[in-house]
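The structure appears below as structure tokens.
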Amino acid sequence: MNTRQFYSDANVFSLLSKYINTAKTTDLKVAFDKALETLDKPECRIPVLGTQGVGKSSFLNAILFGDIILPVDANETTCIPTEIRYGDNKQPKAVIHFQNGSQKEVPCTEKALAKYVHQDNNPANSMKVSSVEILCKSDLLEKGIILVDLPGVGSLTLANQKTTLDYLNNTSAAIFMLRTVPPLTRSEAVFIQSALPLIDKAFWVQNQWTDESDDEVKEGLDDNEDKIKHIAKLAHKPDGYATRPIVVCVQKALVGHIDSNPKMVKQSRIEPFLDTIVGFARDWQSEIQDSLLKEARALVASAQAAAHERKSNYEQILAGKVDKAKAELEKQYDAAEQTKRENKEKIVEVRNFVQAEKATLHNNILELSKTRAENLKNKVREIIANGLTGGERLAKAYNDNAKEVYGEIFEEIQPQFLSMMEKTTQIIADLKPVSLSKNEIEVDGTFLDKGNKAVIAHGGKIGGGTGGTAGALIGGLIGSVIPGVGTTIGAVVGGLLGGLLGGWGGSKIGTSILEKQKDAARQELFQQIDSFKDSLEKNYLNLLENFTDGINDALRSWNKEQNNALENEYEERTRLFKASQDNVKVDLEKISMDIAQLSNLETALK
């Protein structure tokens with residue numbers, strides 16, 4: 001039996017649902033549906049991320065086309081993603097998808113595509129393009145990998161950030177392209193810091209332009225490595241997640257392919273990266289299969305333990321050992337009550353911690369927005385005192401300084417949010433299911449109640465999955481509410497960025513600002529800054545409120561469901577003592593048959 005057969009078999013579902021105790025009868029169905037949804041994802045999107053001009057399009061041209069297909073000379077592209085997926089066609093084929101649902105096939109050439117993705121040709125996406133799709137016959141894409149060329153992230157525009165975050169919420173891997181000179185800037189670091197919590201697997205590439213020396217490459221490489229490791233630590237990623245970037249001379253790789261010069265391609269050092277990404281492309285589906293197979297075995301083991309325990313109870317009744325069975329039931333009930341009390345203590349601990357963190361973060365947000373707004377006002381005073389009172393130069397000076405403030409705020413607030421979430425997750429992970437059955441079942445060398453956390457942890461988003469089956473069953477509270485294990489972190493990170501972007505978008509000034517006297521210019525910019533500050537506080541405080549309210553509501557609901565499940569299980573067990581001997585015999589025969597089926601199922605999964 002393969003993984004898909006297990007999760008799609010109605011008989012398997014019916015058999016397990018008899019013995020797996022869940023707080024809600026729908027939990028197992030949700031888990032099975034989630035597993036099938038994950039298995040049905042035939043594709044894994046990998047966006048290529050980096051600031052405008054880092055060489056993303058040239059990089060994709062080099063590794064996929066060996067020619068200039070994606071436009072590479074745009075000063076600024078619109079917020080339109082280009083997806084490159086496998087197609088069994090001799091020549092690459094391009095399709096433009098519009099926001100109204102229509103589509104149009106165009107020649108797959110730089111000139112044809114530039115009409116839709118260049119800011120000059122399609123300002124502010126006036127053509128209402130949703131995406132560009134390119135079908136390409138490439139070994140790299142054959143296993144379902146889709147590489148995505150996204151707008152540059154360094155501009156921090158709301159539309160570009162939203163487009164990129166939408167992709168990050170629906171994938172688990174990304175290629176980060178870094179520059180040699182300069183290495184990571186503040187705005188790039190801010191974006192990477194926001195992206196990493198959403199990414200299970202990151203590939204790091206440093207582009208070396210042909211006029212950059214080896215000393216510059218080494219210096220930039222050391223700087224970039226230090227920064228991404230620091231950012232990964234802030235995002236609570238494991239050791240080894242942020243590896244030393246692979247240096248690639250994209251320009252040499254592209255020219256080498258165009259000129260059919262294998263020596264130049266080798267000198268570009270693009271081949272080591274290709275080996276890495278091809279290996280990932282080959283194995284990502286196997287990772288899903290292995291993950292879900294482990295969870296299937298855990299579910300069968302759980303059902304087997306419960307079935308054997310139930311069989312033992314029935315055998316005691318038939319042997320006339322009703323008093324012994326009752327005593328064991330009461331002992332199990334007392335143990336479950338103790339678990340309830342321990343859970344209650346943990347829930348109180350979570351609520352107290354979240355409340356304290358909420359108060360601290362609330363004050364930090366207010367203080368940070370106030371001090372950064374004052375700093376920005378001081379910079380405005382200095383700019384205007386130096387003679388800039390209007391026009392493009394003032395607009396640029398203000399926007400550059402506001403962008404710096406943007407980065408500073410995000411860099412301080414995001415780690416505090418993530419730290420709060422991580423600690424909350426750790427406390428909630430110690431909550432135990434309330435049941436009369438055993439909670440510790442050994443599976444694959446681990447115990448199920450502890451192993452559940454491991455199963456949840458390795459159930460990633462590769463291929464679009466949204467968490468493990470075991471997570472949906474026992475770790476449902478964690479998987480559905482706490483960022484870092486479930487998918488809600490996308491909303492939280494998006495909210496963090498949105499908190500800034502909502503204010504930032506309204507605080508920027510355009511280059512058409514009229515010339516003004518110093519006092520008038522200062523007053524107008526101060527109003528912009530105050531608006532930015534108010535918007536920032538509102539968005540961040542709303543996010544904080546929603547998160548803490550969500551935790552409290554989820555804990556309340558989960559605790560109620562667990563208690564109800566315990567009482568239902570207890571009533572079911574006590575009814576057994578009143579059943580006739582004949583009925584007990586019939587039920588025992590059914591349980592014995594189920595145990596045999598579960599044993600066969602266990603063997604089939606091996």
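A note on labels: chains of the structure tokens are A, B, ... as shown, every chain counts residues from 1, and ligands are counted from 1 in their shown order.
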
Please run DSSP on the backbone and report, as a tab-separated table (two decimals) with N, CA and C atoms, in the first residue's frame, all residues within segment 156-357 of chain A that come out as alpha helix (DSSP H).
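Output below, filename states_7.tsv:
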```
chain	number	residue	atom	x	y	z
A	158	LEU	N	4.53	48.71	-1.85
A	158	LEU	CA	3.48	47.87	-1.31
A	158	LEU	C	3.07	46.78	-2.29
A	159	ALA	N	2.92	47.13	-3.57
A	159	ALA	CA	2.48	46.15	-4.56
A	159	ALA	C	3.51	45.04	-4.72
A	160	ASN	N	4.80	45.42	-4.81
A	160	ASN	CA	5.83	44.41	-4.98
A	160	ASN	C	5.94	43.50	-3.77
A	161	GLN	N	5.85	44.07	-2.58
A	161	GLN	CA	5.94	43.26	-1.38
A	161	GLN	C	4.75	42.31	-1.28
A	162	LYS	N	3.56	42.80	-1.61
A	162	LYS	CA	2.38	41.94	-1.54
A	162	LYS	C	2.49	40.77	-2.52
A	163	THR	N	2.94	41.07	-3.74
A	163	THR	CA	3.11	40.01	-4.73
A	163	THR	C	4.08	38.96	-4.22
A	164	THR	N	5.18	39.39	-3.67
A	164	THR	CA	6.20	38.46	-3.19
A	164	THR	C	5.69	37.66	-1.99
A	165	LEU	N	5.03	38.32	-1.04
A	165	LEU	CA	4.52	37.60	0.13
A	165	LEU	C	3.47	36.57	-0.26
A	166	ASP	N	2.66	36.87	-1.26
A	166	ASP	CA	1.67	35.90	-1.74
A	166	ASP	C	2.37	34.62	-2.20
A	167	TYR	N	3.49	34.78	-2.87
A	167	TYR	CA	4.23	33.60	-3.32
A	167	TYR	C	4.87	32.87	-2.16
A	168	LEU	N	5.42	33.61	-1.22
A	168	LEU	CA	6.09	32.97	-0.09
A	168	LEU	C	5.10	32.18	0.77
A	186	ARG	N	20.24	47.47	4.24
A	186	ARG	CA	19.22	47.38	5.27
A	186	ARG	C	17.87	46.94	4.69
A	187	SER	N	17.47	47.52	3.56
A	187	SER	CA	16.16	47.18	3.01
A	187	SER	C	16.12	45.72	2.56
A	188	GLU	N	17.22	45.21	2.00
A	188	GLU	CA	17.27	43.80	1.62
A	188	GLU	C	17.21	42.91	2.86
A	189	ALA	N	17.94	43.30	3.89
A	189	ALA	CA	17.95	42.51	5.12
A	189	ALA	C	16.57	42.47	5.76
A	190	VAL	N	15.86	43.59	5.70
A	190	VAL	CA	14.50	43.64	6.24
A	190	VAL	C	13.61	42.66	5.49
A	191	PHE	N	13.73	42.64	4.18
A	191	PHE	CA	12.88	41.72	3.41
A	191	PHE	C	13.22	40.27	3.72
A	192	ILE	N	14.51	39.94	3.73
A	192	ILE	CA	14.91	38.56	4.02
A	192	ILE	C	14.45	38.15	5.40
A	193	GLN	N	14.54	39.09	6.35
A	193	GLN	CA	14.09	38.81	7.71
A	193	GLN	C	12.60	38.50	7.74
A	194	SER	N	11.84	39.14	6.88
A	194	SER	CA	10.40	38.87	6.84
A	194	SER	C	10.09	37.57	6.11
A	195	ALA	N	10.97	37.18	5.17
A	195	ALA	CA	10.68	36.01	4.33
A	195	ALA	C	11.07	34.70	4.98
A	214	ASP	N	38.45	39.68	-7.09
A	214	ASP	CA	38.37	38.55	-6.16
A	214	ASP	C	38.34	39.04	-4.71
A	215	ASP	N	39.09	40.11	-4.42
A	215	ASP	CA	39.08	40.66	-3.06
A	215	ASP	C	37.70	41.20	-2.70
A	216	GLU	N	37.07	41.87	-3.67
A	216	GLU	CA	35.71	42.38	-3.43
A	216	GLU	C	34.73	41.22	-3.23
A	217	VAL	N	34.91	40.16	-3.98
A	217	VAL	CA	34.03	38.98	-3.84
A	217	VAL	C	34.19	38.38	-2.45
A	218	LYS	N	35.43	38.23	-2.02
A	218	LYS	CA	35.67	37.63	-0.69
A	218	LYS	C	35.10	38.51	0.41
A	219	GLU	N	35.32	39.80	0.32
A	219	GLU	CA	34.81	40.71	1.33
A	219	GLU	C	33.28	40.72	1.35
A	220	GLY	N	32.69	40.76	0.16
A	220	GLY	CA	31.23	40.74	0.08
A	220	GLY	C	30.65	39.43	0.56
A	221	LEU	N	31.34	38.32	0.26
A	221	LEU	CA	30.87	37.00	0.67
A	221	LEU	C	30.88	36.87	2.18
A	222	ASP	N	31.96	37.30	2.81
A	222	ASP	CA	32.03	37.24	4.28
A	222	ASP	C	30.93	38.09	4.92
A	223	ASP	N	30.74	39.28	4.37
A	223	ASP	CA	29.72	40.20	4.90
A	223	ASP	C	28.33	39.60	4.74
A	224	ASN	N	28.04	39.10	3.54
A	224	ASN	CA	26.72	38.51	3.28
A	224	ASN	C	26.46	37.29	4.17
A	225	GLU	N	27.48	36.44	4.32
A	225	GLU	CA	27.31	35.24	5.14
A	225	GLU	C	27.01	35.62	6.59
A	226	ASP	N	27.75	36.56	7.13
A	226	ASP	CA	27.51	36.99	8.52
A	226	ASP	C	26.09	37.52	8.69
A	227	LYS	N	25.67	38.32	7.72
A	227	LYS	CA	24.35	38.94	7.84
A	227	LYS	C	23.22	37.92	7.73
A	228	ILE	N	23.30	37.00	6.76
A	228	ILE	CA	22.20	36.04	6.60
A	228	ILE	C	22.15	35.06	7.77
A	229	LYS	N	23.30	34.74	8.35
A	229	LYS	CA	23.30	33.87	9.53
A	229	LYS	C	22.67	34.58	10.73
A	230	HIS	N	22.95	35.87	10.84
A	230	HIS	CA	22.33	36.65	11.91
A	230	HIS	C	20.82	36.73	11.71
A	231	ILE	N	20.39	36.96	10.48
A	231	ILE	CA	18.96	37.05	10.18
A	231	ILE	C	18.28	35.71	10.43
A	232	ALA	N	18.93	34.61	10.03
A	232	ALA	CA	18.36	33.28	10.24
A	232	ALA	C	18.19	32.99	11.73
A	233	LYS	N	19.13	33.46	12.52
A	233	LYS	CA	19.02	33.28	13.97
A	233	LYS	C	17.84	34.06	14.52
A	234	LEU	N	17.64	35.28	14.04
A	234	LEU	CA	16.49	36.08	14.48
A	234	LEU	C	15.18	35.40	14.10
A	250	VAL	N	26.94	35.47	-13.09
A	250	VAL	CA	25.78	35.24	-13.96
A	250	VAL	C	26.07	35.72	-15.39
A	251	GLN	N	26.75	36.83	-15.49
A	251	GLN	CA	27.04	37.39	-16.81
A	251	GLN	C	27.87	36.42	-17.65
A	252	LYS	N	28.91	35.82	-17.04
A	252	LYS	CA	29.72	34.84	-17.77
A	252	LYS	C	28.89	33.61	-18.14
A	253	ALA	N	28.05	33.18	-17.22
A	253	ALA	CA	27.23	31.99	-17.50
A	253	ALA	C	26.32	32.24	-18.69
A	254	LEU	N	25.69	33.40	-18.73
A	254	LEU	CA	24.75	33.70	-19.82
A	254	LEU	C	25.49	33.87	-21.15
A	255	VAL	N	26.55	34.65	-21.13
A	255	VAL	CA	27.32	34.85	-22.37
A	255	VAL	C	27.92	33.55	-22.85
A	256	GLY	N	28.40	32.72	-21.89
A	256	GLY	CA	28.97	31.44	-22.25
A	256	GLY	C	27.98	30.54	-22.96
A	257	HIS	N	26.74	30.55	-22.48
A	257	HIS	CA	25.69	29.76	-23.14
A	257	HIS	C	25.36	30.33	-24.52
A	258	ILE	N	25.24	31.64	-24.59
A	258	ILE	CA	24.89	32.27	-25.87
A	258	ILE	C	25.97	32.01	-26.92
A	262	PRO	N	31.72	26.49	-23.43
A	262	PRO	CA	31.65	25.74	-22.16
A	262	PRO	C	32.70	26.17	-21.15
A	263	LYS	N	33.88	26.65	-21.63
A	263	LYS	CA	34.92	27.09	-20.70
A	263	LYS	C	34.44	28.29	-19.90
A	264	MET	N	33.78	29.23	-20.57
A	264	MET	CA	33.27	30.41	-19.88
A	264	MET	C	32.17	30.02	-18.90
A	265	VAL	N	31.30	29.08	-19.30
A	265	VAL	CA	30.24	28.61	-18.40
A	265	VAL	C	30.85	28.01	-17.15
A	266	LYS	N	31.91	27.22	-17.31
A	266	LYS	CA	32.58	26.61	-16.16
A	266	LYS	C	33.19	27.68	-15.26
A	267	GLN	N	33.80	28.69	-15.88
A	267	GLN	CA	34.41	29.78	-15.12
A	267	GLN	C	33.37	30.57	-14.33
A	270	ILE	N	28.54	28.40	-12.16
A	270	ILE	CA	27.11	28.18	-12.01
A	270	ILE	C	26.78	26.70	-11.85
A	271	GLU	N	27.70	25.83	-12.26
A	271	GLU	CA	27.42	24.40	-12.22
A	271	GLU	C	27.23	23.84	-10.81
A	272	PRO	N	28.04	24.26	-9.80
A	272	PRO	CA	27.79	23.78	-8.43
A	272	PRO	C	26.39	24.13	-7.93
A	273	PHE	N	25.93	25.33	-8.28
A	273	PHE	CA	24.58	25.68	-7.86
A	273	PHE	C	23.55	24.80	-8.55
A	274	LEU	N	23.74	24.57	-9.86
A	274	LEU	CA	22.80	23.73	-10.59
A	274	LEU	C	22.73	22.33	-10.00
A	275	ASP	N	23.88	21.79	-9.60
A	275	ASP	CA	23.88	20.47	-8.96
A	275	ASP	C	23.02	20.47	-7.71
A	276	THR	N	23.11	21.55	-6.93
A	276	THR	CA	22.34	21.65	-5.69
A	276	THR	C	20.84	21.74	-5.96
A	277	ILE	N	20.45	22.61	-6.87
A	277	ILE	CA	19.03	22.82	-7.12
A	277	ILE	C	18.42	21.64	-7.86
A	278	VAL	N	19.19	20.97	-8.72
A	278	VAL	CA	18.68	19.78	-9.42
A	278	VAL	C	18.43	18.66	-8.42
A	279	GLY	N	19.33	18.53	-7.43
A	279	GLY	CA	19.13	17.52	-6.39
A	279	GLY	C	17.85	17.77	-5.62
A	280	PHE	N	17.59	19.01	-5.30
A	280	PHE	CA	16.34	19.35	-4.60
A	280	PHE	C	15.15	19.04	-5.50
A	281	ALA	N	15.24	19.40	-6.78
A	281	ALA	CA	14.13	19.16	-7.71
A	281	ALA	C	13.82	17.68	-7.83
A	282	ARG	N	14.85	16.86	-7.72
A	282	ARG	CA	14.66	15.42	-7.86
A	282	ARG	C	13.99	14.81	-6.63
A	283	ASP	N	14.24	15.38	-5.44
A	283	ASP	CA	13.85	14.73	-4.20
A	283	ASP	C	12.65	15.33	-3.47
A	284	TRP	N	12.13	16.49	-3.92
A	284	TRP	CA	11.13	17.17	-3.10
A	284	TRP	C	9.85	16.34	-2.96
A	285	GLN	N	9.47	15.60	-3.99
A	285	GLN	CA	8.26	14.78	-3.89
A	285	GLN	C	8.47	13.60	-2.94
A	286	SER	N	9.67	13.04	-2.95
A	286	SER	CA	9.97	11.95	-2.03
A	286	SER	C	9.88	12.41	-0.58
A	287	GLU	N	10.26	13.66	-0.34
A	287	GLU	CA	10.18	14.21	1.02
A	287	GLU	C	8.74	14.23	1.51
A	288	ILE	N	7.83	14.60	0.63
A	288	ILE	CA	6.41	14.59	0.99
A	288	ILE	C	5.95	13.18	1.31
A	289	GLN	N	6.29	12.24	0.42
A	289	GLN	CA	5.88	10.86	0.61
A	289	GLN	C	6.39	10.31	1.93
A	290	ASP	N	7.67	10.55	2.23
A	290	ASP	CA	8.25	10.02	3.46
A	290	ASP	C	7.58	10.63	4.70
A	291	SER	N	7.31	11.92	4.63
A	291	SER	CA	6.68	12.60	5.75
A	291	SER	C	5.30	12.03	6.05
A	292	LEU	N	4.49	11.92	5.00
A	292	LEU	CA	3.12	11.43	5.20
A	292	LEU	C	3.09	9.94	5.53
A	293	LEU	N	4.06	9.18	5.04
A	293	LEU	CA	4.12	7.77	5.37
A	293	LEU	C	4.41	7.58	6.86
A	294	LYS	N	5.32	8.39	7.39
A	294	LYS	CA	5.62	8.32	8.82
A	294	LYS	C	4.38	8.65	9.64
A	295	GLU	N	3.63	9.61	9.21
A	295	GLU	CA	2.43	9.99	9.93
A	295	GLU	C	1.36	8.90	9.82
A	296	ALA	N	1.28	8.23	8.67
A	296	ALA	CA	0.33	7.13	8.52
A	296	ALA	C	0.66	6.01	9.50
A	297	ARG	N	1.94	5.70	9.63
A	297	ARG	CA	2.35	4.66	10.58
A	297	ARG	C	2.01	5.05	12.01
A	298	ALA	N	2.16	6.33	12.32
A	298	ALA	CA	1.83	6.81	13.66
A	298	ALA	C	0.33	6.66	13.94
A	299	LEU	N	-0.49	6.95	12.94
A	299	LEU	CA	-1.93	6.82	13.11
A	299	LEU	C	-2.32	5.36	13.33
A	300	VAL	N	-1.73	4.46	12.56
A	300	VAL	CA	-2.03	3.03	12.70
A	300	VAL	C	-1.59	2.54	14.08
A	301	ALA	N	-0.42	2.95	14.52
A	301	ALA	CA	0.08	2.54	15.84
A	301	ALA	C	-0.85	3.03	16.95
A	302	SER	N	-1.34	4.24	16.80
A	302	SER	CA	-2.26	4.79	17.79
A	302	SER	C	-3.55	3.98	17.83
A	303	ALA	N	-4.08	3.66	16.66
A	303	ALA	CA	-5.32	2.87	16.59
A	303	ALA	C	-5.10	1.46	17.15
A	304	GLN	N	-3.94	0.86	16.87
A	304	GLN	CA	-3.65	-0.48	17.39
A	304	GLN	C	-3.63	-0.49	18.91
A	305	ALA	N	-2.97	0.49	19.50
A	305	ALA	CA	-2.88	0.54	20.96
A	305	ALA	C	-4.27	0.67	21.58
A	306	ALA	N	-5.10	1.54	20.99
A	306	ALA	CA	-6.45	1.73	21.52
A	306	ALA	C	-7.29	0.47	21.34
A	307	ALA	N	-7.13	-0.22	20.20
A	307	ALA	CA	-7.91	-1.43	19.93
A	307	ALA	C	-7.53	-2.54	20.91
A	308	HIS	N	-6.24	-2.71	21.16
A	308	HIS	CA	-5.80	-3.75	22.11
A	308	HIS	C	-6.29	-3.42	23.51
A	309	GLU	N	-6.27	-2.16	23.86
A	309	GLU	CA	-6.76	-1.77	25.19
A	309	GLU	C	-8.25	-2.05	25.30
A	310	ARG	N	-9.00	-1.74	24.25
A	310	ARG	CA	-10.44	-2.00	24.27
A	310	ARG	C	-10.72	-3.51	24.33
A	311	LYS	N	-9.92	-4.27	23.61
A	311	LYS	CA	-10.09	-5.73	23.63
A	311	LYS	C	-9.87	-6.27	25.03
A	312	SER	N	-8.85	-5.75	25.70
A	312	SER	CA	-8.57	-6.19	27.06
A	312	SER	C	-9.74	-5.90	27.99
A	313	ASN	N	-10.36	-4.75	27.83
A	313	ASN	CA	-11.53	-4.40	28.65
A	313	ASN	C	-12.69	-5.36	28.41
A	314	TYR	N	-12.93	-5.69	27.15
A	314	TYR	CA	-14.03	-6.61	26.82
A	314	TYR	C	-13.75	-8.00	27.37
A	315	GLU	N	-12.51	-8.43	27.29
A	315	GLU	CA	-12.16	-9.76	27.80
A	315	GLU	C	-12.34	-9.83	29.31
A	316	GLN	N	-12.05	-8.76	30.00
A	316	GLN	CA	-12.26	-8.73	31.44
A	316	GLN	C	-13.74	-8.87	31.78
A	317	ILE	N	-14.60	-8.19	31.00
A	317	ILE	CA	-16.05	-8.27	31.23
A	317	ILE	C	-16.54	-9.69	31.04
A	318	LEU	N	-16.08	-10.32	29.95
A	318	LEU	CA	-16.51	-11.70	29.67
A	318	LEU	C	-16.00	-12.67	30.74
A	322	VAL	N	-15.64	-7.66	36.22
A	322	VAL	CA	-16.21	-6.33	36.03
A	322	VAL	C	-15.63	-5.34	37.03
A	323	ASP	N	-15.48	-5.79	38.25
A	323	ASP	CA	-14.95	-4.88	39.28
A	323	ASP	C	-13.53	-4.43	38.93
A	324	LYS	N	-12.74	-5.37	38.40
A	324	LYS	CA	-11.37	-5.00	38.01
A	324	LYS	C	-11.38	-4.01	36.86
A	325	ALA	N	-12.29	-4.24	35.89
A	325	ALA	CA	-12.39	-3.34	34.74
A	325	ALA	C	-12.83	-1.95	35.19
A	326	LYS	N	-13.79	-1.92	36.13
A	326	LYS	CA	-14.25	-0.63	36.65
A	326	LYS	C	-13.12	0.10	37.37
A	327	ALA	N	-12.35	-0.66	38.15
A	327	ALA	CA	-11.25	-0.05	38.90
A	327	ALA	C	-10.20	0.53	37.94
A	328	GLU	N	-9.92	-0.22	36.86
A	328	GLU	CA	-8.95	0.28	35.88
A	328	GLU	C	-9.46	1.53	35.17
A	329	LEU	N	-10.77	1.53	34.87
A	329	LEU	CA	-11.36	2.69	34.22
A	329	LEU	C	-11.26	3.92	35.12
A	330	GLU	N	-11.57	3.74	36.40
A	330	GLU	CA	-11.50	4.87	37.32
A	330	GLU	C	-10.05	5.36	37.46
A	331	LYS	N	-9.13	4.41	37.44
A	331	LYS	CA	-7.71	4.79	37.52
A	331	LYS	C	-7.31	5.62	36.29
A	332	GLN	N	-7.78	5.15	35.12
A	332	GLN	CA	-7.49	5.89	33.88
A	332	GLN	C	-8.17	7.26	33.89
A	333	TYR	N	-9.38	7.30	34.44
A	333	TYR	CA	-10.11	8.57	34.49
A	333	TYR	C	-9.38	9.55	35.42
A	334	ASP	N	-8.89	9.04	36.55
A	334	ASP	CA	-8.14	9.90	37.47
A	334	ASP	C	-6.88	10.44	36.79
A	335	ALA	N	-6.21	9.58	36.02
A	335	ALA	CA	-5.01	10.03	35.30
A	335	ALA	C	-5.37	11.10	34.27
A	336	ALA	N	-6.52	10.92	33.59
A	336	ALA	CA	-6.97	11.92	32.61
A	336	ALA	C	-7.32	13.23	33.31
A	337	GLU	N	-7.92	13.13	34.50
A	337	GLU	CA	-8.23	14.34	35.27
A	337	GLU	C	-6.95	15.08	35.67
A	338	GLN	N	-5.90	14.31	35.99
A	338	GLN	CA	-4.62	14.92	36.31
A	338	GLN	C	-4.04	15.64	35.09
A	339	THR	N	-4.22	15.01	33.92
A	339	THR	CA	-3.78	15.66	32.68
A	339	THR	C	-4.55	16.95	32.46
A	340	LYS	N	-5.85	16.92	32.76
A	340	LYS	CA	-6.66	18.14	32.63
A	340	LYS	C	-6.13	19.25	33.52
A	341	ARG	N	-5.77	18.88	34.76
A	341	ARG	CA	-5.26	19.89	35.69
A	341	ARG	C	-3.92	20.45	35.19
A	342	GLU	N	-3.06	19.57	34.67
A	342	GLU	CA	-1.78	20.03	34.14
A	342	GLU	C	-1.99	20.94	32.93
A	343	ASN	N	-2.95	20.56	32.08
A	343	ASN	CA	-3.26	21.40	30.93
A	343	ASN	C	-3.76	22.77	31.35
A	344	LYS	N	-4.60	22.77	32.39
A	344	LYS	CA	-5.14	24.03	32.88
A	344	LYS	C	-4.02	24.95	33.35
A	345	GLU	N	-3.03	24.36	34.04
A	345	GLU	CA	-1.89	25.16	34.51
A	345	GLU	C	-1.12	25.72	33.32
A	346	LYS	N	-0.94	24.89	32.28
A	346	LYS	CA	-0.23	25.35	31.10
A	346	LYS	C	-1.00	26.45	30.37
A	347	ILE	N	-2.31	26.30	30.31
A	347	ILE	CA	-3.14	27.30	29.64
A	347	ILE	C	-3.05	28.64	30.39
A	348	VAL	N	-3.08	28.57	31.71
A	348	VAL	CA	-2.93	29.80	32.51
A	348	VAL	C	-1.55	30.40	32.25
A	349	GLU	N	-0.53	29.53	32.17
A	349	GLU	CA	0.83	30.02	31.89
A	349	GLU	C	0.90	30.72	30.53
A	350	VAL	N	0.25	30.11	29.53
A	350	VAL	CA	0.24	30.71	28.20
A	350	VAL	C	-0.44	32.07	28.23
A	351	ARG	N	-1.61	32.11	28.85
A	351	ARG	CA	-2.37	33.36	28.89
A	351	ARG	C	-1.60	34.46	29.63
A	352	ASN	N	-0.98	34.11	30.75
A	352	ASN	CA	-0.22	35.10	31.50
A	352	ASN	C	0.98	35.60	30.70
A	353	PHE	N	1.65	34.65	30.02
A	353	PHE	CA	2.81	35.02	29.22
A	353	PHE	C	2.40	35.93	28.07
A	354	VAL	N	1.35	35.52	27.35
A	354	VAL	CA	0.90	36.31	26.20
A	354	VAL	C	0.45	37.70	26.64
A	355	GLN	N	-0.24	37.77	27.78
A	355	GLN	CA	-0.71	39.06	28.27
A	355	GLN	C	0.46	39.97	28.63
A	356	ALA	N	1.48	39.38	29.29
A	356	ALA	CA	2.66	40.18	29.67
A	356	ALA	C	3.41	40.64	28.42
A	357	GLU	N	3.57	39.73	27.45
A	357	GLU	CA	4.27	40.08	26.21
A	357	GLU	C	3.48	41.13	25.42
```

For atom CA of Ser531 of chain A and atom CA of Glu392 of chain A, the interatomic separation in Å (one decimal):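 That distance, rounded to one decimal, is 21.1 Å.
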
Surrounding residues of segment 99-104 of chain A excluding itself and chain neighbours under 2 positions, 10 Å, only C-alpha atoms, as a ChimeraX atom specification: /A:94-97,106,127-133

Surrounding residues of segment 172-174 of chain A excluding itself and chain neighbours under 5 positions, 7 Å, only C-alpha atoms, as JSON, numbers by chain: {"A": [46, 47, 48, 198, 199, 200, 201, 202, 203, 461, 462]}

Between atom CA of Ala604 of chain A and atom CA of Lys41 of chain A - distance in Å to one decimal: 24.2 Å

Long-range neighbours of segment 69-73 of chain A as a VMD selection string, 6 Å cut-off, only C-alpha atoms, 4 positions minimum in chain: chain A and resid 57 109 to 110 114

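If only C-alpha atoms are the atoms counted, then among A:Val405, A:Ala359, A:Val54, A:Ile383 the closest residue to Val181 of chain A is A:Val54.
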